[in-house]
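Novice: Here it is: the structure, laid out below.
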Number of protein chains: 2
Amino acid sequence: MARDYDPKAVEQSIHTIKALSIDAVEKANSGHPGTPMGLADITFEIWARYLRYDPKDPSWEGRDRFVLSCGHASMLLYSMLHLAGFDLPLSELKQFRQWGSKTPGHPEHFHTKGVETTTGPLGQGIGNAVGFALAARMKAARFGGVFDKVRVYCIASDGDIMEGISSEASSVAGHLGLSNLVVFYDDNKITIEGDTELAFSEDVGKRYEAYGWFVQRIDGHDHAQIRAALDKALAQNDKPSFIVARTHIANGAPNAHDTHGAHGAPLGKDEIAATKKAMGWDPEQHFHVPKEVYALFADRAADNAADRKTWDAELAAWRASHAEQAKTLDAMDSRAIPADLLEKLIAVVPDKADATRNLSNLVQQTAAELVPALVGGSADLAPSTKTLIKKSGGVAKSNMEGRNLHFGIREHGMGAICNGMALFGGFIPYGATFLVFSDYMRPSVRLSALGKIQAIWIWTHDSIFVGEDGPTHQPIEHVASLRLIPGLAVVRPADGLEVAAAWTLALTRKDAPTAFALTRQKVPVLARPAGFDPKTMLKGAYVLAEATGGAPDLVLIATGSEVGLAVGAREALEKKGKKVRVVSAPCLEVFDAQDAAYRASVLPKGVKTVSIEAGRTDGWRKYVGDAGITIGIDRYGASAPDTVLAKEYGLTVDAVVARIEQGA
Amino acid sequence: MARDYDPKAVEQSIHTIKALSIDAVEKANSGHPGTPMGLADITFEIWARYLRYDPKDPSWEGRDRFVLSCGHASMLLYSMLHLAGFDLPLSELKQFRQWGSKTPGHPEHFHTKGVETTTGPLGQGIGNAVGFALAARMKAARFGGVFDKVRVYCIASDGDIMEGISSEASSVAGHLGLSNLVVFYDDNKITIEGDTELAFSEDVGKRYEAYGWFVQRIDGHDHAQIRAALDKALAQNDKPSFIVARTHIANGAPNAHDTHGAHGAPLGKDEIAATKKAMGWDPEQHFHVPKEVYALFADRAADNAADRKTWDAELAAWRASHAEQAKTLDAMDSRAIPADLLEKLIAVVPDKADATRNLSNLVQQTAAELVPALVGGSADLAPSTKTLIKKSGGVAKSNMEGRNLHFGIREHGMGAICNGMALFGGFIPYGATFLVFSDYMRPSVRLSALGKIQAIWIWTHDSIFVGEDGPTHQPIEHVASLRLIPGLAVVRPADGLEVAAAWTLALTRKDAPTAFALTRQKVPVLARPAGFDPKTMLKGAYVLAEATGGAPDLVLIATGSEVGLAVGAREALEKKGKKVRVVSAPCLEVFDAQDAAYRASVLPKGVKTVSIEAGRTDGWRKYVGDAGITIGIDRYGASAPDTVLAKEYGLTVDAVVARIEQGA
């Protein structure tokens with residue numbers, strides 16, 4: 001809690017938050033003025049009296065987290081960051097939504113300091129907030145009380161609450177009893193189409209009670225009620241808090257008040273003037289901040305500085321008496337990996353045919369020992385995705401020291417929670433499900449890539465070779481379509497060695513997510529050329545088997561389970577006099593980033609090239625060229641044993657050889 | 001309700017359902033035995049006493065709908081279809097999960113008669129069931145009481161209920177008061193990872209009360225309780241029903257009972273023998289159906305036949321007295337479209353620059369007049385997506401005659417509900433949101449394509465030219481990645497005429513979904529060659545502007561808002577002496593389906609070809625060839641006005657001309 005402020009300064013602060021927001025939207029001629037106005041009271045109380053932050057060190061790990069899940073209200077956050085003393089001058093607010101500014105239309109954590117997570121796609125922010133709160137708890141369980149001080153405040157709109165992802169993440173939060181999480185629900189009864197009554201008549205508070213949350217209902221413009229609710233929320237010790245705050249969109253704008261027109265368009269000059277007049281402000285003055293407002297936030301900064309000093313001292317004292325644990329903390333925070341990670345992972349790869357999901361689990365055990373930041377789980381498929389860390393327990397309300405997360409059948413919530421955990425710091429989270437269900441979590445996967453988040457997405461059952469479960473469970477377009485997400489690397493390893501390379505890539509790529517596509521079925525151990533340097537695998541594609549006798553007249557490029565098929569086809573074709581090279585391409589995005597010389601050394605120009613992958617073929621044309629052949633699957637799968645499907649879909653050695661001999 | 005059955009026959013029926021299910025899973029050596037056993041009691045009661053169906057006419061439009069949302073329990077459904085007299089002989093049950101059988105791993109409505117919808121991806125079935133119930137209500141409001149008799153029964157598992165999509169769809173069902181919908185929740189406390197307590201401790205019944213449902217809690221193996229709950233549910237008149245049925249997985253299997261091992265693997269010979277012994281059956285007899293079981297279902301079929309006779313008579317009487325409405329009913333059921341649809345839609349296209357979202361709304365008004373089956377709505381973005389049918393009202397509990405659906409901010413629920421409405425029959429539903437949020441509904445979109453469903457997905461704000469909202473709202477990879485979904489046609493029209501063609505394609509493609517990618521920003525009216533036949537647009541790509549003076553030495557192929565850019569580039573390049581053809585390609589999937597001669601006439605071999613599209617470029621390589629250039633965007637967008645973005649991302653005439661002159 002904070003010192004008492006002069007009521008006049010509080011009032012002026014609220015006015016300022018609103019005025020900055022509507023001025024910036026007006027200047028940009030684009031944006032969302034109504035929600036910042038409706039949320040100014042709540043947000044002020046959080047920032048001025050509760051939120052612990054250090055504007056000079058926005059990434060201080062002991063800070064509280066503030067998540068504006070309704071990212072379209074970004075000017076609310078930018079106004080707060082400015083007033084609170086973060087490096088976001090008025091000149092940036094004046095450049096709202098302009099090229100190169102620090103104030104984009106929706107907040108981007110990788111772009112603007114003080115923004116905790118990228119929001120805008122609705123429901124993601126509240127999911128991230130659950131991840132923050134969970135990460136704080138897990139860190140506290142490992143490293144003691146300082147991390148127990150961290151609170152997560154989140155503001156969510158009707159949209160956030162209607163989206164299924166928030167339902168998934170909120171159920172997880174209730175299950176895990178994350179009492180360090182406080183969500184305000186901006187119950188303003190207004191959506192883009194009009195009144196929420198058009199489509200939204202459920203009892204949201206009751207729904208959150210059903211999830212196991214502590215639910216309060218308040219007037220979101222009554223500061224005493226806001227503070228009382230926050231105090232009660234912070235006093236909870238086994239339930240997250242949900243505060244249904246009845247608010248009015250565009251609160252303070254005489255005519256726009258409570259209208260859905262105020263949601264997504266500037267208020268206009270006249271209404272802004274009327275609003276400022278109603279505040280007792282000069283209608284002609286724009287981007288104005290009264291001195292007493294800066295003074296109030298300077299007081300808050302001073303209080304927060306004192307709080308941080310205490311926190312730093314407590315951490316230092318803990319470090320002094322917990323040298324070993326402190327090393328682990330540092331290793332987690334830096335997400336450090338050993339220089340010889342690949343070698344160490346290769347060392348545990350067995351010399352026998354197995355499914356890459358199983359091989360991945362073997363490798364993962366060593367990765368987990370070497371990298372304490374690694375934690376994760378699956379959407380109720382751990383026995384199928386093979387993603388348990390065997391030496392650790394499951395994360396539960398009563399066991400926050402565990403490393404195995406149970407997300408339930410909630411892929412989308414899993415995605416957002418993992419993103420939040422990674423952004424919190426100290427964790428490299430992984431989330432697992434079947435590849436076909438990557439679609440269920442795709443918006444979170446996109447945000448992990450857009451947001452340069454080191455998350456690992458483990459997707460198994462990666463082709464029609466799932467077999468009997470049939471077309472609803474057989475990915476066809478998924479690998480190709482995931483490759484299209486900018487920044488995401490999709491690794492489809494062909495055997496145990498490539499699985500070790502996949503984990504090495506994932507743990508090395510600190511500013512981007514990495515995805516694995518793993519098989520349900522066995523794949524053979526592949527032979528490598530004499531003197532093969534395993535690091536070559538980290539280039540994304542490499543010559544696995546050179547043509548007998550030198551320069552190839554045919555190159556087969558394949559991924560995952562089809563590399564073994566390519567090797568078989570090579571043997572058959574070489575018997576017929578062809579000189580065939582096999583290129584294994586576990587990760588095309590990484591291969592694309594290699595220099596032209598390396599790429600040409602792997603895929604020589606002018607040599608007939610054939611791609612083989614049990615999925616959509618279009619993306620392969622750029623590798624095989626006009627003269628090449630793309631062998632794959634461009635229609636849905638079917639329910640049958642995998643060996644039958646291989647024949648029916650032309651993915652046998654005989655069928656591949658025949659296609660190549662036909663020449664198209 | 002039904003006649004009383006001999007208790008012995010009832011008991012034998014339950015045994016039979018269980019035995020067929022475990023025998024089939026065992027023979028396939030793959031599948032899910034536990035859930036059919038746990039749900040046999042409930043399912044028997046529904047099918048033997050409540051469900052109205054006609055096994056000889058599985059698509060009788062007056063039938064009740066049964067949705068097995070937990071599609072992995074498919075043997076439960078196949079067992080019922082067999083016993084109930086549908087065309088699914090024991091020989092098919094013996095081929096469970098085999099190539100070419102009618103009994104795939106998960107039920108597929110397009111493959112097996114009597115299956116109402118394709119389930120397996122969790123949560124989709126309950127969403128479809130909401131769509132069925134809504135469609136029944138909307139049909140009843142239009143065509144009277146016979147459609148009010150239709151009930152929708154759905155069985156949902158823990159997984160269905162944890163998925164966010166079910167939360168979204170269930171909130172809509174509560175809001176609309178769909179009392180013709182009864183959902184059983186199979187509360188068996190078991191998931192793949194173990195006990196639901198690992199991740200699922202919420203109060204599901206309370207959550208459904210919060211959505212406005214009528215909630216009951218029963219013992220799911222107590223037949224009297226099941227019937228009493230069904231009777232109460234069917235007596236509701238303004239609330240959908242949710243029956244929390246405490247069940248036991250693998251009920252009746254002495255050792256597998258209540259174990260998560262029984263979820264996804266065969267019980268094994270010994271346990272099957274033990275189960276049959278416990279039933280008093282011969283453990284060595286497989287795929288056995290006692291005579292009294294067939295007799296019981298024959299009685300049910302007779303009762304249902306009498307019921308259908310009444311229904312048919314009532315419909316005939318209504319038809320006789322409602323000739324005009326009957327015509328509308330037939331038009332809806334056949335999803336008929338006028339032969340001159342394209343011409344009629346073109347007739348309303350204005351000769352002025354506008355956003356394709358606005359042009360689409362204009363065309364849609366005429367389409368809605370011509371095609372009464374057309375209904376739909378958006379995920380709270382109607383004012384932005386421009387998808388209202390202006391002459392109709394909004395669908396609400398009190399207005400089921402409306403055609404405008406308000407889905408709320410629930411894209412995924414929208415997708416599943418639209419799929420359900422289409423499968424119900426009589427409706428061509430459309431669902432709208434921003435293109436970037438197609439990711440939120442992608443699993444339902446995939447199922448619409450896999451399931452050959454005529455749904456229309458309207459996605460606006462289709463590129464970085466969204467502008468100030470920034471990268472979270474700017475699709476980059478979406479058009480390309482949606483094109484990869486087999487069976488989905490993605491139409492990105494360039495101007496009003498192509499918008500008319502887009503709607504014509506969507507309304508004509510009766511066995512597949514069609515998606516639109518529409519602009520937020522204005523696009524110019526494009527000139528067509530003299531004598532241009534508008535039907536050419538329906539070929540997916542066509543020569544929009546031929547090179548001046550004949551054979552081109554350069555072909556520019558573009559879509560949507562970039563066609564205008566291509567036309568500008570052509571003009572600039574022709575001034576410099578080039579002979580440039582512009583190809584507009586509103587739909588590549590449709591173009592790919594044209595014969596080779598047509599395709600070669602549009603994109604001649606050996607002529608330098610350049611693609612221009614404001615999105616990922618990889619998919620274009622197959623059209624432009626090795627020598628071609630792909631101009632597009634392979635990184636995330638940014639928050640700025642669209643004209644600024646055009647410059648920064650190289651999508652201006654000058655930049656395009658420069659790229660072409662550089663030659664790469």
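Ordering of the structure tokens sets the chain letters (A, B, ...), residue numbers begin anew at 1 in every chain, and ligands are numbered from 1 in the order given.
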Which neighbours of Ala545 in chain A fall inside 7 Å, counting only C-alpha atoms, when residues of the same chain fewer than 5 positions from it are skipped, and could you give them as a CSV table (one decimal) with N, CA, C and O atoms, in the first residue's frame?
Specialist:
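This went into around.csv:
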```csv
chain,number,residue,atom,x,y,z
A,528,ARG,N,25.4,-42.2,-41.0
A,528,ARG,CA,26.0,-40.9,-41.4
A,528,ARG,C,27.3,-41.2,-42.1
A,528,ARG,O,28.0,-42.2,-41.9
A,529,PRO,N,27.8,-40.3,-42.9
A,529,PRO,CA,29.1,-40.5,-43.6
A,529,PRO,C,30.2,-40.5,-42.6
A,529,PRO,O,30.1,-40.0,-41.5
A,581,ARG,N,22.1,-38.6,-54.0
A,581,ARG,CA,22.4,-37.9,-52.7
A,581,ARG,C,21.1,-37.8,-51.9
A,581,ARG,O,20.0,-37.5,-52.5
A,582,VAL,N,21.2,-38.1,-50.6
A,582,VAL,CA,20.1,-37.8,-49.7
A,582,VAL,C,20.4,-36.7,-48.8
A,582,VAL,O,21.4,-36.7,-48.2
A,583,VAL,N,19.5,-35.7,-48.9
A,583,VAL,CA,19.6,-34.5,-47.9
A,583,VAL,C,18.6,-34.7,-46.9
A,583,VAL,O,17.4,-34.8,-47.2
```
Novice: Within 8 Å of Thr559 in chain B, counting only C-alpha atoms, which residues show up once you throw out same-chain ones fewer than 3 positions away? Write them as a list of chain:residue names, please.
Specialist: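 Counting only the stated atoms, we get B:Arg492, B:Pro493, B:Ala494, B:Glu562, B:Val563, B:Ser584, B:Ala585, B:Pro586, B:Ile612, B:Glu613.
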Novice: Which is closer to Asp148 in chain A than all the others in A:Asn128, A:Thr118, A:Asn237, A:Thr514, using only C-alpha atoms?
Specialist: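 Looking only at the distances to Asp148 in chain A, the closest residue turns out to be A:Asn237.
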Novice: Which residues are near Gly540 in chain A? Cut-off 9 Å, only C-alpha atoms, ignore same chain within fewer than 4 positions. Put them as a PyMOL selection string.
Specialist: chain A and resi 491+536+584-594
Novice: Show which residues sit within 12 Å of Glu26 in chain B, as a PyMOL selection string. Count only C-alpha atoms, and ignore same-chain residues fewer than 2 positions away.
Specialist: chain B and resi 19-24+28-34+75+93-97+262+264-273+286-287
Novice: Taking the DSSP assignment computed from this structure's backbone, write out as a PyMOL selection string all residues of range 494-588 of chain B that belong to helix (DSSP H, G or I).
Specialist: chain B and resi 496-508+534-539+561-575+588
Novice: Would you pick out the contacts of Phe214 in chain B at 7 Å or less, using only C-alpha atoms, so that residues sharing its chain but fewer than 6 positions from it are not included, and give the list as a list of chain:residue names?
Specialist: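 Residues near the query, excluding close chain neighbours: B:Lys239, B:Pro240, B:Ser241, B:Phe242.
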Novice: Against range 396-420 of chain B, which residues of range 431-494 of chain B fall within 9 Å? For each one I want the closest pair of atoms and the distance in Å (one decimal), counting only C-alpha atoms, rows by chain and increasing residue number, as CSV.
Specialist:
```
residue,atom,partner,partner_atom,distance
B:Gly431,CA,B:Met414,CA,6.4
B:Ala432,CA,B:Glu411,CA,8.2
B:Thr433,CA,B:Glu411,CA,7.3
B:Phe437,CA,B:Glu411,CA,7.6
B:Ser438,CA,B:Glu411,CA,7.7
B:Asp439,CA,B:His412,CA,8.9
B:Tyr440,CA,B:His412,CA,5.8
B:Met441,CA,B:His412,CA,4.1
B:Arg442,CA,B:His412,CA,7.6
B:Pro443,CA,B:His412,CA,7.8
B:Ser444,CA,B:Gly415,CA,5.2
B:Val445,CA,B:Gly415,CA,6.6
B:Leu447,CA,B:Asn419,CA,8.1
B:Ser448,CA,B:Asn419,CA,6.2
B:Gly451,CA,B:Asn419,CA,9.0
B:Ile453,CA,B:Asn419,CA,6.8
B:Gln454,CA,B:Asn419,CA,8.1
B:Ala455,CA,B:Asn419,CA,6.7
B:Ile456,CA,B:Cys418,CA,8.8
B:Trp457,CA,B:Gly415,CA,8.5
```
Novice: Extract, using only C-alpha atoms, all DNA, RNA and protein residues at most 10 Å from Trp318 in chain B, discarding same-chain residues fewer than 4 positions from it, and format them as a PyMOL selection string.
Specialist: chain B and resi 143-146+312-314+322-323+325-326
Novice: Could those residues be written to a file, using C-alpha atoms, as an mmCIF file, in the first residue's frame?
Specialist:
```
data_model
loop_
_atom_site.group_PDB
_atom_site.id
_atom_site.type_symbol
_atom_site.label_atom_id
_atom_site.label_comp_id
_atom_site.auth_asym_id
_atom_site.auth_seq_id
_atom_site.Cartn_x
_atom_site.Cartn_y
_atom_site.Cartn_z
ATOM 1 C CA PHE B 143 -41.777 -23.143 -40.984
ATOM 2 C CA GLY B 144 -43.702 -24.000 -37.891
ATOM 3 C CA GLY B 145 -44.136 -26.745 -35.416
ATOM 4 C CA VAL B 146 -42.750 -29.808 -37.128
ATOM 5 C CA ASP B 312 -44.739 -36.423 -42.528
ATOM 6 C CA ALA B 313 -48.497 -35.918 -42.399
ATOM 7 C CA GLU B 314 -48.129 -32.738 -40.380
ATOM 8 C CA HIS B 322 -48.462 -22.641 -46.860
ATOM 9 C CA ALA B 323 -47.561 -22.886 -50.536
ATOM 10 C CA GLN B 325 -43.445 -20.770 -47.405
ATOM 11 C CA ALA B 326 -43.094 -24.319 -48.644
#
```
Novice: Could you give me the residues within range 317-401 of chain A that DSSP places in strand (DSSP E or B), as a VMD selection string?
Specialist: chain A and resid 354 to 355 374 to 378 394 396 399
Novice: Could the residues in this selection be written to a file with N, CA, C and O atoms, as an mmCIF file, in the first residue's frame?
Specialist:
```
data_model
loop_
_atom_site.group_PDB
_atom_site.id
_atom_site.type_symbol
_atom_site.label_atom_id
_atom_site.label_comp_id
_atom_site.auth_asym_id
_atom_site.auth_seq_id
_atom_site.Cartn_x
_atom_site.Cartn_y
_atom_site.Cartn_z
ATOM 1 N N ASP A 354 13.393 -46.286 -33.111
ATOM 2 C CA ASP A 354 12.351 -45.909 -32.157
ATOM 3 C C ASP A 354 11.569 -44.735 -32.739
ATOM 4 O O ASP A 354 11.972 -44.126 -33.732
ATOM 5 N N ALA A 355 10.445 -44.441 -32.121
ATOM 6 C CA ALA A 355 9.689 -43.249 -32.528
ATOM 7 C C ALA A 355 10.438 -42.010 -32.064
ATOM 8 O O ALA A 355 11.043 -42.009 -30.990
ATOM 9 N N LEU A 374 14.196 -25.447 -17.867
ATOM 10 C CA LEU A 374 13.250 -26.215 -18.681
ATOM 11 C C LEU A 374 12.131 -26.803 -17.823
ATOM 12 O O LEU A 374 12.381 -27.626 -16.934
ATOM 13 N N VAL A 375 10.911 -26.376 -18.100
ATOM 14 C CA VAL A 375 9.720 -26.928 -17.438
ATOM 15 C C VAL A 375 8.630 -27.005 -18.500
ATOM 16 O O VAL A 375 8.714 -26.331 -19.527
ATOM 17 N N GLY A 376 7.635 -27.810 -18.265
ATOM 18 C CA GLY A 376 6.565 -27.839 -19.255
ATOM 19 C C GLY A 376 5.624 -28.989 -19.048
ATOM 20 O O GLY A 376 5.670 -29.696 -18.037
ATOM 21 N N GLY A 377 4.762 -29.158 -20.026
ATOM 22 C CA GLY A 377 3.782 -30.213 -19.907
ATOM 23 C C GLY A 377 2.971 -30.324 -21.173
ATOM 24 O O GLY A 377 3.326 -29.761 -22.210
ATOM 25 N N SER A 378 1.878 -31.047 -21.062
ATOM 26 C CA SER A 378 1.090 -31.272 -22.261
ATOM 27 C C SER A 378 -0.376 -31.039 -21.960
ATOM 28 O O SER A 378 -0.788 -30.908 -20.809
ATOM 29 N N GLY A 394 4.822 -33.528 -10.582
ATOM 30 C CA GLY A 394 3.858 -32.681 -11.268
ATOM 31 C C GLY A 394 3.633 -31.387 -10.502
ATOM 32 O O GLY A 394 3.624 -31.390 -9.264
ATOM 33 N N ALA A 396 1.501 -28.776 -8.830
ATOM 34 C CA ALA A 396 0.170 -28.758 -8.240
ATOM 35 C C ALA A 396 0.133 -27.630 -7.219
ATOM 36 O O ALA A 396 1.178 -27.067 -6.855
ATOM 37 N N ASN A 399 2.555 -28.403 -4.825
ATOM 38 C CA ASN A 399 3.908 -28.754 -5.258
ATOM 39 C C ASN A 399 4.368 -27.852 -6.380
ATOM 40 O O ASN A 399 4.420 -28.254 -7.551
#
```
Novice: Between CA of Lys277 in chain B and CA of Ile226 in chain B, what is the distance, to one decimal in Å?
Specialist: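 Straight-line distance from CA of Lys277 in chain B to CA of Ile226 in chain B works out to 26.3 Å.
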Novice: Find the spatial neighbours of range 294-298 of chain B, counting only C-alpha atoms, within a cut-off of 6 Å - ignore same-chain residues fewer than 3 positions away - and output them as a PyMOL selection string.
Specialist: chain B and resi 84+291+301
Novice: Mind dumping the selected residues with N, CA and C atoms as a CSV table (one decimal), in the first residue's frame?
Specialist:
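Result file is out18.csv:
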```csv
chain,number,residue,atom,x,y,z
B,84,ALA,N,-29.6,-50.2,-34.2
B,84,ALA,CA,-30.9,-49.4,-34.5
B,84,ALA,C,-31.3,-49.6,-35.9
B,291,LYS,N,-30.7,-62.1,-29.8
B,291,LYS,CA,-31.9,-61.9,-30.6
B,291,LYS,C,-32.8,-60.8,-30.0
B,301,ALA,N,-37.8,-49.1,-33.7
B,301,ALA,CA,-37.9,-48.6,-35.1
B,301,ALA,C,-39.4,-48.5,-35.5
```
Novice: When you count only C-alpha atoms, which of these residues is closest to Lys605 in chain A: A:Leu134, A:Ala640, A:Ala256, A:Leu554?
Specialist: A:Leu554
Novice: So what do you get for CA of Ala566 in chain B versus CA of Leu450 in chain A, distance-wise?
Specialist: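 Interatomic distance here is 29.2 Å.
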Novice: Could you check which of A:Ala229, A:Leu505, A:Ala331, A:Ala73 is closest to chain B, using only C-alpha atoms?
Specialist: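 The closest residue to chain B is A:Ala73.
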